[in-house]
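In what follows, a structure is listed as structure tokens, so that the remarks can point back to it.
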Amino acid sequence: MSITEEIQKRRTFAIISHPDAGKTTLTEKLLLYGGAVQLAGSVTARKNQRATTSDWMELEKKRGISISSTVLQFDYAGYRLNLLDTPGHKDFSEDTYRVLTAVDSVVMVIDSAKGIEPQTRKLFEVCRQRGVPIFTFMNKCDRPMKDPLALIDELERVLGIGAFPVNWPIGDGFDFRGVYDRQTNQMHLFERTVGGKYRAPVSVGGVDDPAVRGQLDDTTFNRTVEELEMLEHAGEIFADAAVLAGRSTPVFFGSASNNFGVQLLLDGFLKHAPAPKSRVMGGIEISPTNPAFSGFIFKIQANMDPKHRDRIAFVRVCSGKFERDMTVHHSRSEKKVRLSSSHKLFGNERETVDEAYPGDVIGLVGHDSFGIGDTLTTDPAIAYKEIPRFTPEAFSYLHNPNTAKYKQFRQGLEQLMQEGVIQALYLRNSSVKTPLLAAVGPLQFEVVQFRLESEYGAVSRLEAAPWTVVRWLPADMKEDDLDALSLPTGSRVAYDVGKNPVVLFPNEWSAEYFTKTNGRVPLSTLPVQTARE
Ligand SMILES: Nc1nc2c(ncn2[C@@H]2O[C@H](COP(=O)(O)OP(=O)(O)OP(=O)(O)O)[C@@H](O)[C@H]2O)c(=O)[nH]1
Ligand SMILES: [Mg+2]
């Protein structure tokens, strides 16, 4: 197969939404319908139920929420899919935003009872800025839901995106029976299965097909027909170009936990989702067919498999062909490295991979110098600058009460910092050796504590710190300049890991006050990026 053909069969996408809309459940069902798992697991892993493939982390299983994004690669209907399940909670959103740099399209899951929730809106904005095509899945139609016409209207009104319902729900709540496919004019009526572990039996037929019609009561049938007529009158047509430009979203209805509408979503998505395309870097376009191999690291994760206890760097391949054992240029170290330990990933399972193509996400093991955002390429002129950074808003001291475990404590903390879960700050003029941790949200501290204990055997203790705002000072400020600053009450100067000076403030108000009283000192919400970042 030529490289062009390989690229054409890749579909790399993320599933995004507000917490609890059903991303992980949908992911599991896409795996079921895609033939990648035989039996679907449950997110709320009760006894005798398989846990989901994508929430593999101990804490995720315990809490039933996603904390870290997961890569699942599988083949279906002649396509190679790279699917990324993301966490919805805003405290983990840094991870989700990084994943969005690595995909070519997204499936946005909406809880049909709730409509568009705040986190969905934020993630949508990021997709729009990047011009990522969006496919919408209206989930949980088996529960009392909002009027479907109102949901479509909400997409257009709240998100400002055109919406084309590809299919339409038949009934809702307890009476949710299936969906009407507007492109083939067929009704798909499903039956529920116990726990939704197996594919839902389905009967398909036209509106006049007695076998299908006979399964519906008059009220449900008439309402559906009426709504479909209203949609026809609205006259919106499906336009691929508008979808690919991110101006319009195809909408699918269903219920992930009951497996209703999952097959239609999967097939509809594959029919319209884009293959990998060119990436723009410093004004230059790098085509996926560029003969040079190139890719960037968007995620690092350690201890995915308790048997291995190593760290994996997740690389999105952007151009050329990856071959195991190839030697590439590593942007951060400016050194040549040989990539001999490469894997394809499926949750926390991995398998050696000898070659990969644009669109693929591969896992590289055994390179301690790799960091998030680094480019790996056979053409050193290529350097991607894809990875966004976020300003921490939660601060806490982390104590190590057990001096005998100092080494494990440090080692675990270093690792979690490399994964980008947290940052460490060091107070200026302080004899305190306890690390001050900074994160996007406080749940990350719980993750740190849990992982330190379960992966490194180090029990820790959190102590609240009195700040909520951090701002970076100009990197070239000298000690004397720092001494000369007039600090509002309760604020402190500190350094980040790169020795860049920052100021910690108890609140926004005090940061504004600082700006007024130190007129010539600019503050920034992020460190000034160095050439290598
Ligand atoms: N009734 C109903 N419940 C559903 C459906 N899909 C998912 N759920 C339930 O919704 C809850 C949240 O599902 P998840 O798949 O974990 O949601 P998520 O979006 O991955 O959540 P985070 O990753 O933590 O943001 C679970 O209890 C699911 O069983 C559905 O179609 N109908
Ligand atoms: Mg999840």
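By order in the structure tokens, chains are A, B, ...; within a chain, residues start at 1; ligands start at 1, following the order shown.
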
Next on the checklist: List the spatial neighbours of region 189-202 of chain A as a list in words - criterion: any atom at most 8 Å away, only C-alpha atoms, same-chain residues fewer than 2 positions off excluded.
Outcome noted: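 Listed by chain and then number, they are Leu32, Tyr33, Gln38, Leu39, Ala40, Gly41, Arg177, Gly178, Val179, Met187, Val204, Val212, Ser257, Asn258, Asn259 and Phe260 of chain A.
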
Output N, CA and C atoms for every residue in that selection, as a PDB file, in the first residue's frame.
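Output below, filename result-v2.pdb:
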ATOM      1  N   LEU A  32     -16.980  -2.018  20.948  1.00  0.00           N
ATOM      2  CA  LEU A  32     -17.839  -3.200  20.793  1.00  0.00           C
ATOM      3  C   LEU A  32     -18.308  -3.320  19.346  1.00  0.00           C
ATOM      4  N   TYR A  33     -18.828  -2.208  18.811  1.00  0.00           N
ATOM      5  CA  TYR A  33     -19.334  -2.242  17.434  1.00  0.00           C
ATOM      6  C   TYR A  33     -18.201  -2.278  16.412  1.00  0.00           C
ATOM      7  N   GLN A  38     -15.049  -7.890  22.713  1.00  0.00           N
ATOM      8  CA  GLN A  38     -16.160  -8.828  22.524  1.00  0.00           C
ATOM      9  C   GLN A  38     -17.327  -8.484  23.433  1.00  0.00           C
ATOM     10  N   LEU A  39     -16.964  -7.904  24.591  1.00  0.00           N
ATOM     11  CA  LEU A  39     -17.951  -7.686  25.623  1.00  0.00           C
ATOM     12  C   LEU A  39     -17.695  -6.297  26.183  1.00  0.00           C
ATOM     13  N   ALA A  40     -18.743  -5.464  26.203  1.00  0.00           N
ATOM     14  CA  ALA A  40     -18.507  -4.101  26.675  1.00  0.00           C
ATOM     15  C   ALA A  40     -18.475  -4.055  28.199  1.00  0.00           C
ATOM     16  N   GLY A  41     -17.527  -3.298  28.723  1.00  0.00           N
ATOM     17  CA  GLY A  41     -17.429  -3.155  30.172  1.00  0.00           C
ATOM     18  C   GLY A  41     -18.283  -2.000  30.644  1.00  0.00           C
ATOM     19  N   ARG A 177     -37.229   4.180  21.451  1.00  0.00           N
ATOM     20  CA  ARG A 177     -37.218   2.918  20.724  1.00  0.00           C
ATOM     21  C   ARG A 177     -36.102   2.804  19.699  1.00  0.00           C
ATOM     22  N   GLY A 178     -35.612   3.940  19.233  1.00  0.00           N
ATOM     23  CA  GLY A 178     -34.584   3.861  18.208  1.00  0.00           C
ATOM     24  C   GLY A 178     -34.450   5.179  17.489  1.00  0.00           C
ATOM     25  N   VAL A 179     -33.903   5.146  16.291  1.00  0.00           N
ATOM     26  CA  VAL A 179     -33.718   6.388  15.535  1.00  0.00           C
ATOM     27  C   VAL A 179     -34.131   6.209  14.078  1.00  0.00           C
ATOM     28  N   MET A 187     -36.172   3.360   9.533  1.00  0.00           N
ATOM     29  CA  MET A 187     -36.305   3.350  10.984  1.00  0.00           C
ATOM     30  C   MET A 187     -35.394   2.242  11.527  1.00  0.00           C
ATOM     31  N   VAL A 204     -34.892  -3.026  11.049  1.00  0.00           N
ATOM     32  CA  VAL A 204     -34.782  -1.853  10.183  1.00  0.00           C
ATOM     33  C   VAL A 204     -35.856  -1.920   9.106  1.00  0.00           C
ATOM     34  N   VAL A 212     -42.080  -2.818  11.176  1.00  0.00           N
ATOM     35  CA  VAL A 212     -41.502  -1.785  12.021  1.00  0.00           C
ATOM     36  C   VAL A 212     -42.604  -0.930  12.652  1.00  0.00           C
ATOM     37  N   SER A 257     -25.246   3.663  26.689  1.00  0.00           N
ATOM     38  CA  SER A 257     -25.295   2.529  27.618  1.00  0.00           C
ATOM     39  C   SER A 257     -26.203   1.417  27.084  1.00  0.00           C
ATOM     40  N   ASN A 258     -27.190   1.763  26.263  1.00  0.00           N
ATOM     41  CA  ASN A 258     -28.072   0.739  25.694  1.00  0.00           C
ATOM     42  C   ASN A 258     -27.679   0.307  24.284  1.00  0.00           C
ATOM     43  N   ASN A 259     -26.597   0.874  23.771  1.00  0.00           N
ATOM     44  CA  ASN A 259     -26.095   0.550  22.433  1.00  0.00           C
ATOM     45  C   ASN A 259     -27.039   1.002  21.319  1.00  0.00           C
ATOM     46  N   PHE A 260     -27.906   1.966  21.587  1.00  0.00           N
ATOM     47  CA  PHE A 260     -28.816   2.453  20.557  1.00  0.00           C
ATOM     48  C   PHE A 260     -28.093   3.532  19.737  1.00  0.00           C
TER      49      PHE A 260
END

Item to check | Environment of ligand 1 within 9 Å, counting only C-alpha atoms and all ligand atoms, reported as a PyMOL selection string | outcome: chain A and resi 15-28+42-44+55+60+63-69+85-90+109-111+138-143+173+254-260

Alpha helix (DSSP H) per DSSP on the backbone: members of region 374-451 of chain A, as a PDB file with N, CA and C atoms, in the first residue's frame:
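Once everything was written out, this is out02.pdb:
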ATOM      1  N   TYR A 406      11.936   9.060  51.258  1.00  0.00           N
ATOM      2  CA  TYR A 406      12.245  10.309  50.565  1.00  0.00           C
ATOM      3  C   TYR A 406      12.506  10.088  49.077  1.00  0.00           C
ATOM      4  N   LYS A 407      13.284   9.043  48.787  1.00  0.00           N
ATOM      5  CA  LYS A 407      13.665   8.783  47.399  1.00  0.00           C
ATOM      6  C   LYS A 407      12.437   8.502  46.516  1.00  0.00           C
ATOM      7  N   GLN A 408      11.564   7.633  46.997  1.00  0.00           N
ATOM      8  CA  GLN A 408      10.358   7.296  46.236  1.00  0.00           C
ATOM      9  C   GLN A 408       9.470   8.532  46.044  1.00  0.00           C
ATOM     10  N   PHE A 409       9.359   9.323  47.119  1.00  0.00           N
ATOM     11  CA  PHE A 409       8.554  10.538  47.091  1.00  0.00           C
ATOM     12  C   PHE A 409       9.048  11.489  45.996  1.00  0.00           C
ATOM     13  N   ARG A 410      10.370  11.738  45.988  1.00  0.00           N
ATOM     14  CA  ARG A 410      10.976  12.637  44.991  1.00  0.00           C
ATOM     15  C   ARG A 410      10.800  12.104  43.576  1.00  0.00           C
ATOM     16  N   GLN A 411      11.072  10.798  43.457  1.00  0.00           N
ATOM     17  CA  GLN A 411      11.025  10.159  42.147  1.00  0.00           C
ATOM     18  C   GLN A 411       9.596  10.229  41.571  1.00  0.00           C
ATOM     19  N   GLY A 412       8.627   9.930  42.407  1.00  0.00           N
ATOM     20  CA  GLY A 412       7.230   9.971  41.969  1.00  0.00           C
ATOM     21  C   GLY A 412       6.830  11.378  41.562  1.00  0.00           C
ATOM     22  N   LEU A 413       7.246  12.341  42.367  1.00  0.00           N
ATOM     23  CA  LEU A 413       6.903  13.733  42.095  1.00  0.00           C
ATOM     24  C   LEU A 413       7.523  14.208  40.772  1.00  0.00           C
ATOM     25  N   GLU A 414       8.803  13.845  40.581  1.00  0.00           N
ATOM     26  CA  GLU A 414       9.480  14.191  39.324  1.00  0.00           C
ATOM     27  C   GLU A 414       8.688  13.659  38.130  1.00  0.00           C
ATOM     28  N   GLN A 415       8.276  12.404  38.247  1.00  0.00           N
ATOM     29  CA  GLN A 415       7.554  11.763  37.156  1.00  0.00           C
ATOM     30  C   GLN A 415       6.230  12.476  36.864  1.00  0.00           C
ATOM     31  N   LEU A 416       5.491  12.782  37.926  1.00  0.00           N
ATOM     32  CA  LEU A 416       4.186  13.419  37.726  1.00  0.00           C
ATOM     33  C   LEU A 416       4.362  14.823  37.152  1.00  0.00           C
ATOM     34  N   MET A 417       5.487  15.448  37.468  1.00  0.00           N
ATOM     35  CA  MET A 417       5.757  16.763  36.874  1.00  0.00           C
ATOM     36  C   MET A 417       6.051  16.617  35.388  1.00  0.00           C
ATOM     37  N   GLN A 418       6.786  15.568  35.045  1.00  0.00           N
ATOM     38  CA  GLN A 418       7.100  15.350  33.634  1.00  0.00           C
ATOM     39  C   GLN A 418       5.835  15.039  32.824  1.00  0.00           C
ATOM     40  N   LEU A 443      -8.407  18.707  42.118  1.00  0.00           N
ATOM     41  CA  LEU A 443      -8.492  17.243  42.012  1.00  0.00           C
ATOM     42  C   LEU A 443      -7.153  16.631  41.608  1.00  0.00           C
ATOM     43  N   GLN A 444      -6.342  17.415  40.907  1.00  0.00           N
ATOM     44  CA  GLN A 444      -5.021  16.902  40.510  1.00  0.00           C
ATOM     45  C   GLN A 444      -4.165  16.547  41.728  1.00  0.00           C
ATOM     46  N   PHE A 445      -4.347  17.290  42.835  1.00  0.00           N
ATOM     47  CA  PHE A 445      -3.568  16.970  44.037  1.00  0.00           C
ATOM     48  C   PHE A 445      -3.948  15.594  44.579  1.00  0.00           C
ATOM     49  N   GLU A 446      -5.243  15.296  44.493  1.00  0.00           N
ATOM     50  CA  GLU A 446      -5.680  13.968  44.947  1.00  0.00           C
ATOM     51  C   GLU A 446      -5.074  12.880  44.077  1.00  0.00           C
ATOM     52  N   VAL A 447      -5.028  13.165  42.765  1.00  0.00           N
ATOM     53  CA  VAL A 447      -4.428  12.194  41.852  1.00  0.00           C
ATOM     54  C   VAL A 447      -2.957  11.994  42.217  1.00  0.00           C
ATOM     55  N   VAL A 448      -2.261  13.109  42.491  1.00  0.00           N
ATOM     56  CA  VAL A 448      -0.844  13.025  42.859  1.00  0.00           C
ATOM     57  C   VAL A 448      -0.669  12.151  44.099  1.00  0.00           C
ATOM     58  N   GLN A 449      -1.476  12.428  45.113  1.00  0.00           N
ATOM     59  CA  GLN A 449      -1.341  11.663  46.359  1.00  0.00           C
ATOM     60  C   GLN A 449      -1.627  10.179  46.137  1.00  0.00           C
ATOM     61  N   PHE A 450      -2.706   9.924  45.405  1.00  0.00           N
ATOM     62  CA  PHE A 450      -3.084   8.536  45.160  1.00  0.00           C
ATOM     63  C   PHE A 450      -2.000   7.806  44.386  1.00  0.00           C
ATOM     64  N   ARG A 451      -1.493   8.467  43.348  1.00  0.00           N
ATOM     65  CA  ARG A 451      -0.489   7.788  42.514  1.00  0.00           C
ATOM     66  C   ARG A 451       0.844   7.645  43.226  1.00  0.00           C
TER      67      ARG A 451
END

Next on the checklist: as a VMD selection string, please: the residues near region 505-517 of chain A (cut-off 10 Å, only C-alpha atoms, same-chain neighbours under 5 positions excluded).
Outcome noted: chain A and resid 465 to 471 485 to 493 522 to 523

Mind dumping the selected residues with C-alpha atoms as a compact mmCIF listing (two decimals), in the first residue's frame?
# COMPACT_ATOMS: atom_id res chain seq x y z
CA ALA A 465 -1.45 27.12 50.61
CA PRO A 466 -2.97 30.62 50.84
CA TRP A 467 -2.67 31.60 47.14
CA THR A 468 -5.04 31.32 44.20
CA VAL A 469 -3.25 33.32 41.52
CA VAL A 470 0.23 33.01 39.99
CA ARG A 471 1.79 35.44 37.54
CA LEU A 485 9.35 44.96 44.32
CA SER A 486 6.55 46.25 46.47
CA LEU A 487 4.49 43.17 47.31
CA PRO A 488 0.84 43.40 48.43
CA THR A 489 0.04 41.75 51.77
CA GLY A 490 -0.03 37.97 51.57
CA SER A 491 1.83 37.68 48.28
CA ARG A 492 5.22 36.04 47.76
CA VAL A 493 7.90 35.74 45.12
CA PRO A 522 4.71 43.43 33.48
CA LEU A 523 3.04 40.26 34.73

Checklist entry - Near Ile382 (chain A), within 9 Å and counting only C-alpha atoms, which residues show up once chain neighbours fewer than 5 positions away are dropped, as a VMD selection string? => result chain A and resid 281 286 294 331 375 to 377

Can you write out the residues you just picked, keeping all heavy atoms, as a PDB file, in the first residue's frame?
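part-v3.pdb written:
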ATOM      1  N   MET A 281       3.202  25.078  10.314  1.00  0.00           N
ATOM      2  CA  MET A 281       4.208  25.270  11.338  1.00  0.00           C
ATOM      3  C   MET A 281       5.070  26.459  10.932  1.00  0.00           C
ATOM      4  O   MET A 281       5.702  26.426   9.887  1.00  0.00           O
ATOM      5  CB  MET A 281       5.030  23.979  11.411  1.00  0.00           C
ATOM      6  CG  MET A 281       6.217  24.012  12.285  1.00  0.00           C
ATOM      7  SD  MET A 281       7.445  22.899  11.578  1.00  0.00           S
ATOM      8  CE  MET A 281       8.288  23.997  10.484  1.00  0.00           C
ATOM      9  N   ILE A 286       3.280  21.457   6.355  1.00  0.00           N
ATOM     10  CA  ILE A 286       3.913  20.142   6.266  1.00  0.00           C
ATOM     11  C   ILE A 286       2.828  19.143   5.896  1.00  0.00           C
ATOM     12  O   ILE A 286       1.909  18.888   6.668  1.00  0.00           O
ATOM     13  CB  ILE A 286       4.524  19.707   7.615  1.00  0.00           C
ATOM     14  CG1 ILE A 286       5.285  20.847   8.265  1.00  0.00           C
ATOM     15  CG2 ILE A 286       5.342  18.432   7.454  1.00  0.00           C
ATOM     16  CD1 ILE A 286       6.706  20.961   7.897  1.00  0.00           C
ATOM     17  N   SER A 294       7.859  12.882  10.690  1.00  0.00           N
ATOM     18  CA  SER A 294       7.800  13.850  11.774  1.00  0.00           C
ATOM     19  C   SER A 294       6.588  13.578  12.647  1.00  0.00           C
ATOM     20  O   SER A 294       5.584  13.031  12.195  1.00  0.00           O
ATOM     21  CB  SER A 294       7.734  15.288  11.236  1.00  0.00           C
ATOM     22  OG  SER A 294       6.469  15.537  10.668  1.00  0.00           O
ATOM     23  N   SER A 331      13.919  17.489  19.164  1.00  0.00           N
ATOM     24  CA  SER A 331      14.019  18.948  19.211  1.00  0.00           C
ATOM     25  C   SER A 331      14.589  19.491  20.521  1.00  0.00           C
ATOM     26  O   SER A 331      15.412  20.395  20.518  1.00  0.00           O
ATOM     27  CB  SER A 331      12.638  19.555  18.956  1.00  0.00           C
ATOM     28  OG  SER A 331      11.725  19.137  19.961  1.00  0.00           O
ATOM     29  N   THR A 375       9.353  17.643  19.322  1.00  0.00           N
ATOM     30  CA  THR A 375       9.215  17.113  17.964  1.00  0.00           C
ATOM     31  C   THR A 375      10.263  16.026  17.733  1.00  0.00           C
ATOM     32  O   THR A 375      11.403  16.154  18.167  1.00  0.00           O
ATOM     33  CB  THR A 375       9.417  18.241  16.927  1.00  0.00           C
ATOM     34  OG1 THR A 375       8.418  19.241  17.143  1.00  0.00           O
ATOM     35  CG2 THR A 375       9.316  17.722  15.502  1.00  0.00           C
ATOM     36  N   LEU A 376       9.868  14.972  17.044  1.00  0.00           N
ATOM     37  CA  LEU A 376      10.795  13.931  16.610  1.00  0.00           C
ATOM     38  C   LEU A 376      10.692  13.872  15.096  1.00  0.00           C
ATOM     39  O   LEU A 376       9.584  13.753  14.564  1.00  0.00           O
ATOM     40  CB  LEU A 376      10.406  12.576  17.217  1.00  0.00           C
ATOM     41  CG  LEU A 376      10.415  12.488  18.744  1.00  0.00           C
ATOM     42  CD1 LEU A 376       9.775  11.190  19.219  1.00  0.00           C
ATOM     43  CD2 LEU A 376      11.843  12.599  19.280  1.00  0.00           C
ATOM     44  N   THR A 377      11.818  13.967  14.406  1.00  0.00           N
ATOM     45  CA  THR A 377      11.737  14.032  12.948  1.00  0.00           C
ATOM     46  C   THR A 377      13.062  13.655  12.282  1.00  0.00           C
ATOM     47  O   THR A 377      14.118  13.767  12.900  1.00  0.00           O
ATOM     48  CB  THR A 377      11.330  15.459  12.499  1.00  0.00           C
ATOM     49  OG1 THR A 377      11.360  15.535  11.076  1.00  0.00           O
ATOM     50  CG2 THR A 377      12.245  16.522  13.073  1.00  0.00           C
TER      51      THR A 377
END

Next on the checklist: So that I can check the surroundings of region 235-237 of chain A, please list as a PyMOL selection string every protein, DNA and RNA residue that reaches within 12 Å of it, counting only C-alpha atoms and ignoring chain neighbours fewer than 5 positions away.
Outcome noted: chain A and resi 152+162-166+182-183+228-230+242-243+248-250

Neighbour list for region 391-396 of chain A as a PDB file with all heavy atoms, in the first residue's frame, cut-off 6 Å, only C-alpha atoms, skip fewer than 4 positions in-chain:
ATOM      1  N   LEU A 436       5.978  23.227  46.919  1.00  0.00           N
ATOM      2  CA  LEU A 436       4.684  23.883  46.734  1.00  0.00           C
ATOM      3  C   LEU A 436       4.194  23.465  45.353  1.00  0.00           C
ATOM      4  O   LEU A 436       4.852  23.735  44.353  1.00  0.00           O
ATOM      5  CB  LEU A 436       4.835  25.402  46.803  1.00  0.00           C
ATOM      6  CG  LEU A 436       3.575  26.202  46.463  1.00  0.00           C
ATOM      7  CD1 LEU A 436       2.480  25.962  47.497  1.00  0.00           C
ATOM      8  CD2 LEU A 436       3.896  27.685  46.364  1.00  0.00           C
ATOM      9  N   LEU A 437       3.069  22.756  45.314  1.00  0.00           N
ATOM     10  CA  LEU A 437       2.563  22.266  44.040  1.00  0.00           C
ATOM     11  C   LEU A 437       1.523  23.209  43.463  1.00  0.00           C
ATOM     12  O   LEU A 437       0.767  23.836  44.200  1.00  0.00           O
ATOM     13  CB  LEU A 437       1.935  20.883  44.200  1.00  0.00           C
ATOM     14  CG  LEU A 437       2.804  19.801  44.818  1.00  0.00           C
ATOM     15  CD1 LEU A 437       2.108  18.456  44.748  1.00  0.00           C
ATOM     16  CD2 LEU A 437       4.163  19.733  44.108  1.00  0.00           C
ATOM     17  N   ALA A 438       1.515  23.287  42.141  1.00  0.00           N
ATOM     18  CA  ALA A 438       0.549  24.141  41.447  1.00  0.00           C
ATOM     19  C   ALA A 438      -0.123  23.301  40.371  1.00  0.00           C
ATOM     20  O   ALA A 438       0.541  22.544  39.663  1.00  0.00           O
ATOM     21  CB  ALA A 438       1.276  25.318  40.810  1.00  0.00           C
ATOM     22  N   ALA A 439      -1.449  23.403  40.289  1.00  0.00           N
ATOM     23  CA  ALA A 439      -2.187  22.613  39.299  1.00  0.00           C
ATOM     24  C   ALA A 439      -3.350  23.438  38.759  1.00  0.00           C
ATOM     25  O   ALA A 439      -3.732  24.446  39.337  1.00  0.00           O
ATOM     26  CB  ALA A 439      -2.713  21.326  39.929  1.00  0.00           C
ATOM     27  N   VAL A 440      -3.914  22.967  37.649  1.00  0.00           N
ATOM     28  CA  VAL A 440      -5.061  23.653  37.064  1.00  0.00           C
ATOM     29  C   VAL A 440      -6.271  23.544  37.991  1.00  0.00           C
ATOM     30  O   VAL A 440      -7.061  24.457  38.123  1.00  0.00           O
ATOM     31  CB  VAL A 440      -5.370  23.080  35.665  1.00  0.00           C
ATOM     32  CG1 VAL A 440      -6.708  23.548  35.154  1.00  0.00           C
ATOM     33  CG2 VAL A 440      -4.262  23.469  34.695  1.00  0.00           C
ATOM     34  N   GLY A 441      -6.402  22.410  38.682  1.00  0.00           N
ATOM     35  CA  GLY A 441      -7.522  22.245  39.612  1.00  0.00           C
ATOM     36  C   GLY A 441      -7.147  21.327  40.761  1.00  0.00           C
ATOM     37  O   GLY A 441      -6.255  20.485  40.618  1.00  0.00           O
ATOM     38  N   PRO A 442      -7.832  21.471  41.909  1.00  0.00           N
ATOM     39  CA  PRO A 442      -7.447  20.742  43.114  1.00  0.00           C
ATOM     40  C   PRO A 442      -7.554  19.215  43.021  1.00  0.00           C
ATOM     41  O   PRO A 442      -6.848  18.511  43.743  1.00  0.00           O
ATOM     42  CB  PRO A 442      -8.411  21.276  44.185  1.00  0.00           C
ATOM     43  CG  PRO A 442      -9.500  21.959  43.450  1.00  0.00           C
ATOM     44  CD  PRO A 442      -8.949  22.395  42.138  1.00  0.00           C
ATOM     45  N   GLU A 463      -1.113  20.213  52.469  1.00  0.00           N
ATOM     46  CA  GLU A 463      -1.397  21.350  53.353  1.00  0.00           C
ATOM     47  C   GLU A 463      -1.797  22.518  52.461  1.00  0.00           C
ATOM     48  O   GLU A 463      -1.054  22.882  51.535  1.00  0.00           O
ATOM     49  CB  GLU A 463      -0.141  21.703  54.159  1.00  0.00           C
ATOM     50  CG  GLU A 463      -0.352  22.839  55.126  1.00  0.00           C
ATOM     51  CD  GLU A 463       0.957  23.486  55.558  1.00  0.00           C
ATOM     52  OE1 GLU A 463       2.037  22.851  55.412  1.00  0.00           O
ATOM     53  OE2 GLU A 463       0.911  24.637  56.011  1.00  0.00           O
ATOM     54  N   ALA A 464      -2.959  23.071  52.711  1.00  0.00           N
ATOM     55  CA  ALA A 464      -3.458  24.144  51.860  1.00  0.00           C
ATOM     56  C   ALA A 464      -2.489  25.321  51.856  1.00  0.00           C
ATOM     57  O   ALA A 464      -1.920  25.670  52.884  1.00  0.00           O
ATOM     58  CB  ALA A 464      -4.828  24.594  52.349  1.00  0.00           C
ATOM     59  N   ALA A 465      -2.275  25.922  50.706  1.00  0.00           N
ATOM     60  CA  ALA A 465      -1.452  27.123  50.615  1.00  0.00           C
ATOM     61  C   ALA A 465      -2.393  28.306  50.369  1.00  0.00           C
ATOM     62  O   ALA A 465      -3.455  28.141  49.777  1.00  0.00           O
ATOM     63  CB  ALA A 465      -0.458  26.977  49.472  1.00  0.00           C
ATOM     64  N   THR A 468      -4.149  31.823  45.259  1.00  0.00           N
ATOM     65  CA  THR A 468      -5.039  31.316  44.200  1.00  0.00           C
ATOM     66  C   THR A 468      -4.630  31.833  42.820  1.00  0.00           C
ATOM     67  O   THR A 468      -5.201  31.428  41.811  1.00  0.00           O
ATOM     68  CB  THR A 468      -6.509  31.746  44.427  1.00  0.00           C
ATOM     69  OG1 THR A 468      -6.576  33.176  44.339  1.00  0.00           O
ATOM     70  CG2 THR A 468      -7.040  31.289  45.776  1.00  0.00           C
ATOM     71  N   VAL A 469      -3.639  32.717  42.798  1.00  0.00           N
ATOM     72  CA  VAL A 469      -3.250  33.317  41.519  1.00  0.00           C
ATOM     73  C   VAL A 469      -1.723  33.306  41.401  1.00  0.00           C
ATOM     74  O   VAL A 469      -1.021  33.635  42.356  1.00  0.00           O
ATOM     75  CB  VAL A 469      -3.744  34.792  41.439  1.00  0.00           C
ATOM     76  CG1 VAL A 469      -3.245  35.473  40.170  1.00  0.00           C
ATOM     77  CG2 VAL A 469      -5.267  34.852  41.502  1.00  0.00           C
TER      78      VAL A 469
END

Next on the checklist: With distances taken over only C-alpha atoms and all ligand atoms, which residue among A:Asn82, A:Thr96, A:Gln301, A:Gln8 lies nearest ligand 2?
Outcome noted: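 Going through A:Asn82, A:Thr96, A:Gln301, A:Gln8 one by one, the smallest distance to ligand 2 is for A:Thr96.
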
Item to check | Nearest candidate to ligand 2 (options A:Leu266, A:Leu84, A:Leu504, A:Val317; using only C-alpha atoms and all ligand atoms) | outcome: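 Checking each of A:Leu266, A:Leu84, A:Leu504, A:Val317 against ligand 2, counting only C-alpha atoms and all ligand atoms, the winner is A:Leu84.
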
Item to check | Within 10 Å of Tyr357 (chain A) using only C-alpha atoms, minus same-chain residues under 5 positions, as number ranges by chain | outcome: A: 3-4, 6-7, 10, 276, 288-289, 293-295, 316-323, 362

Item to check | Atom pair CA of Phe298 (chain A) / CA of Val107 (chain A): separation (Å) | outcome: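 Value for the CA of Phe298 (chain A)-CA of Val107 (chain A) distance: 19.2 Å.
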
Item to check | Every residue of region 7-76 of chain A that DSSP places in strand (DSSP E), as a PyMOL selection string | outcome: chain A and resi 10-16+70-76
